[in-house]
Amino acid sequence: MTSLSRKGRTRKGNWPLEAAMIVLAVLFFIPIYYLIVTTFKSPEQATLHPLSFPSSFGFAHYRDAWHAMDYPKVLGNTAIVAVSSVVGIILFSSMAAYSLARREHAVNRVIFFFFLAGMMVPFQMGLVSLFKLINSLGIMDTLLAVICVNIGGGVVLAIFLFKSFIETSVPLELEEAAFIDGASVQRTFWLIAFPLLTPVTATVAILSTLNVWNDFLNPLLFLQSRDNSLILLEVYRNIGQFSVDWTSLFPMLLLGVAPLMIFYLVMQKYIIKGVAAGALKG
């Protein structure tokens, strides 16, 4: 009875905090509510009654946005860029992190600090040089250009996460046993170490997908033709120069965000699992 009464008093004592959290949740939900209901309104209704329910629910705005964006094509291009970039980030950063974590050498520490410095230098400082490099390689206005830039910018954080996870959560004894059995370094990494990196791999995949999908600057710089356009570029190109029709813009935004929201809802538990397993330790 004593423990039950203590729990009851604890719950009663927490009601101000719970009420404050409910109020904050409602405040954060208002922009989402406004975004959704505006997609079903006419421009006049959206202007005169921004937070009211629409008089009717129709999907005409979504149909117009689908055709204006050429949604199937830009969704396919965005998916190609996202999947290729994330796979490249995972492969290159995991191999680099394994070498940096398992080789105790001063040169490796210098290289690791060099990667960490990349997290502190603003990406925009190298845009001019990066533009010239992509142009000299002859891959301007191709999806490959955006993929290469995404991989180069994404491996920095991924190497930090992979290295920390390998040092704290991958037993060195398993790799030593594989070496004794005659396995090479490459075979040991792919068959022993890499399968144990599943939690941090999921974390890197989620964070990288969010960054790549929401990236606007790189596609804007390196993609000119609409055949290679991505979702955010199409949203930008359908915005008026002097005025914005929000009832047309918001359906485009929802169509662009919907795949990412589904992906995040399915994979969000792996972020907590990866962090708890040691991805951010050290």
# chains A, B, ... in the order shown; residues from 1 in each chain; ligands from 1
$ select_by_dssp --residues "segment 72-160 of chain A" --states "alpha helix (DSSP H)" --output "NGL selection string"
:A and (72-102 or 106-120 or 127-136 or 143-160)
$ residues_around --residues "segment 259-269 of chain A" --least-positions-apart "4" --cutoff "12 Å" --atoms "only C-alpha atoms" --output "PyMOL selection string"
chain A and resi 75-76+78-79+82+199-214+231+253-255+273-276
$ write_last_selection --atoms "C-alpha atoms" --output "PDB file, in the first residue's frame"
ATOM      1  CA  LEU A  75      10.380  10.752 -56.963  1.00  0.00           C
ATOM      2  CA  GLY A  76      12.391   8.152 -58.873  1.00  0.00           C
ATOM      3  CA  THR A  78      15.242  11.466 -55.618  1.00  0.00           C
ATOM      4  CA  ALA A  79      15.094   7.811 -54.604  1.00  0.00           C
ATOM      5  CA  ALA A  82      19.119   8.964 -51.768  1.00  0.00           C
ATOM      6  CA  PRO A 199      22.668  -0.710 -34.960  1.00  0.00           C
ATOM      7  CA  VAL A 200      25.033   2.083 -35.969  1.00  0.00           C
ATOM      8  CA  THR A 201      24.554   1.263 -39.655  1.00  0.00           C
ATOM      9  CA  ALA A 202      20.810   1.812 -39.221  1.00  0.00           C
ATOM     10  CA  THR A 203      21.514   5.073 -37.400  1.00  0.00           C
ATOM     11  CA  VAL A 204      23.828   6.301 -40.163  1.00  0.00           C
ATOM     12  CA  ALA A 205      21.331   5.223 -42.823  1.00  0.00           C
ATOM     13  CA  ILE A 206      18.495   7.154 -41.185  1.00  0.00           C
ATOM     14  CA  LEU A 207      20.481  10.338 -40.555  1.00  0.00           C
ATOM     15  CA  SER A 208      22.036  10.252 -44.028  1.00  0.00           C
ATOM     16  CA  THR A 209      18.659   9.671 -45.699  1.00  0.00           C
ATOM     17  CA  LEU A 210      17.171  12.651 -43.867  1.00  0.00           C
ATOM     18  CA  ASN A 211      20.072  14.879 -44.887  1.00  0.00           C
ATOM     19  CA  VAL A 212      20.166  13.746 -48.524  1.00  0.00           C
ATOM     20  CA  TRP A 213      16.396  13.862 -49.045  1.00  0.00           C
ATOM     21  CA  ASN A 214      16.128  17.367 -47.567  1.00  0.00           C
ATOM     22  CA  ILE A 231      11.509  16.851 -55.517  1.00  0.00           C
ATOM     23  CA  LEU A 253       5.390  19.847 -49.920  1.00  0.00           C
ATOM     24  CA  LEU A 254       3.276  17.001 -48.559  1.00  0.00           C
ATOM     25  CA  LEU A 255       3.962  14.844 -51.598  1.00  0.00           C
ATOM     26  CA  LYS A 273      18.920   1.457 -30.417  1.00  0.00           C
ATOM     27  CA  GLY A 274      22.084   2.586 -32.175  1.00  0.00           C
ATOM     28  CA  VAL A 275      22.758   5.386 -29.689  1.00  0.00           C
ATOM     29  CA  ALA A 276      22.121   3.135 -26.701  1.00  0.00           C
TER      30      ALA A 276
END
$ residues_around --residues "segment 146-163 of chain A" --least-positions-apart "4" --cutoff "6 Å" --atoms "only C-alpha atoms" --output "ChimeraX atom specification"
/A:81,85,89,93-94,97,101,115,279
$ closest_residue --among "A:Leu35, A:Val121, A:Leu143, A:Ala193" --to "Leu249 of chain A" --atoms "only C-alpha atoms"
A:Leu35
$ closest_residue --among "A:Leu221, A:Ile180, A:Val110, A:Ile80" --to "Lys132 of chain A" --atoms "only C-alpha atoms"
A:Leu221
$ closest_residue --among "A:Ser129, A:Ser225, A:Gln45, A:Ser164" --to "Phe112 of chain A" --atoms "only C-alpha atoms"
A:Ser164
$ residues_around --residues "Tyr33 of chain A" --least-positions-apart "6" --cutoff "10 Å" --atoms "only C-alpha atoms" --output "list in words"
Val26, Leu51, Ser52 and Phe53 of chain A
$ write_last_selection --atoms "C-alpha atoms" --output "PDB file, in the first residue's frame"
ATOM      1  CA  VAL A  26      -0.634  21.202 -29.322  1.00  0.00           C
ATOM      2  CA  LEU A  51      -7.119  27.734 -39.350  1.00  0.00           C
ATOM      3  CA  SER A  52     -10.712  26.723 -40.087  1.00  0.00           C
ATOM      4  CA  PHE A  53     -11.768  23.383 -41.527  1.00  0.00           C
TER       5      PHE A  53
END
$ residues_around --residues "Phe59 of chain A" --least-positions-apart "2" --cutoff "12 Å" --atoms "only C-alpha atoms" --output "PyMOL selection string"
chain A and resi 36-42+56-57+61-66+247-248+251
$ write_last_selection --atoms "C-alpha atoms" --output "mmCIF file, in the first residue's frame"
data_model
loop_
_atom_site.group_PDB
_atom_site.id
_atom_site.type_symbol
_atom_site.label_atom_id
_atom_site.label_comp_id
_atom_site.auth_asym_id
_atom_site.auth_seq_id
_atom_site.Cartn_x
_atom_site.Cartn_y
_atom_site.Cartn_z
ATOM 1 C CA ILE A 36 -2.761 19.806 -44.071
ATOM 2 C CA VAL A 37 -6.046 21.725 -44.046
ATOM 3 C CA THR A 38 -4.743 24.374 -46.456
ATOM 4 C CA THR A 39 -4.243 21.720 -49.133
ATOM 5 C CA PHE A 40 -8.044 21.255 -49.279
ATOM 6 C CA LYS A 41 -8.980 24.970 -49.427
ATOM 7 C CA SER A 42 -9.335 27.502 -52.166
ATOM 8 C CA SER A 56 -15.135 20.378 -48.669
ATOM 9 C CA PHE A 57 -12.466 17.738 -48.918
ATOM 10 C CA HIS A 61 -4.850 20.299 -55.510
ATOM 11 C CA TYR A 62 -2.934 17.046 -55.037
ATOM 12 C CA ARG A 63 -3.767 15.987 -58.598
ATOM 13 C CA ASP A 64 -2.553 19.324 -59.935
ATOM 14 C CA ALA A 65 0.623 19.129 -57.864
ATOM 15 C CA TRP A 66 1.232 15.558 -59.083
ATOM 16 C CA THR A 247 -2.943 26.023 -51.724
ATOM 17 C CA SER A 248 -0.828 24.769 -54.640
ATOM 18 C CA PRO A 251 0.310 19.720 -51.626
#
$ atom_distance --atom1 "atom CA of Pro122 of chain A" --atom2 "atom CA of Asp215 of chain A"
14.9 Å
$ atom_distance --atom1 "atom CA of Leu217 of chain A" --atom2 "atom CA of Met95 of chain A"
28.0 Å
$ closest_residue --among "A:Asn238, A:Ser169, A:Gln124, A:Asn228" --to "Val74 of chain A" --atoms "only C-alpha atoms"
A:Asn228
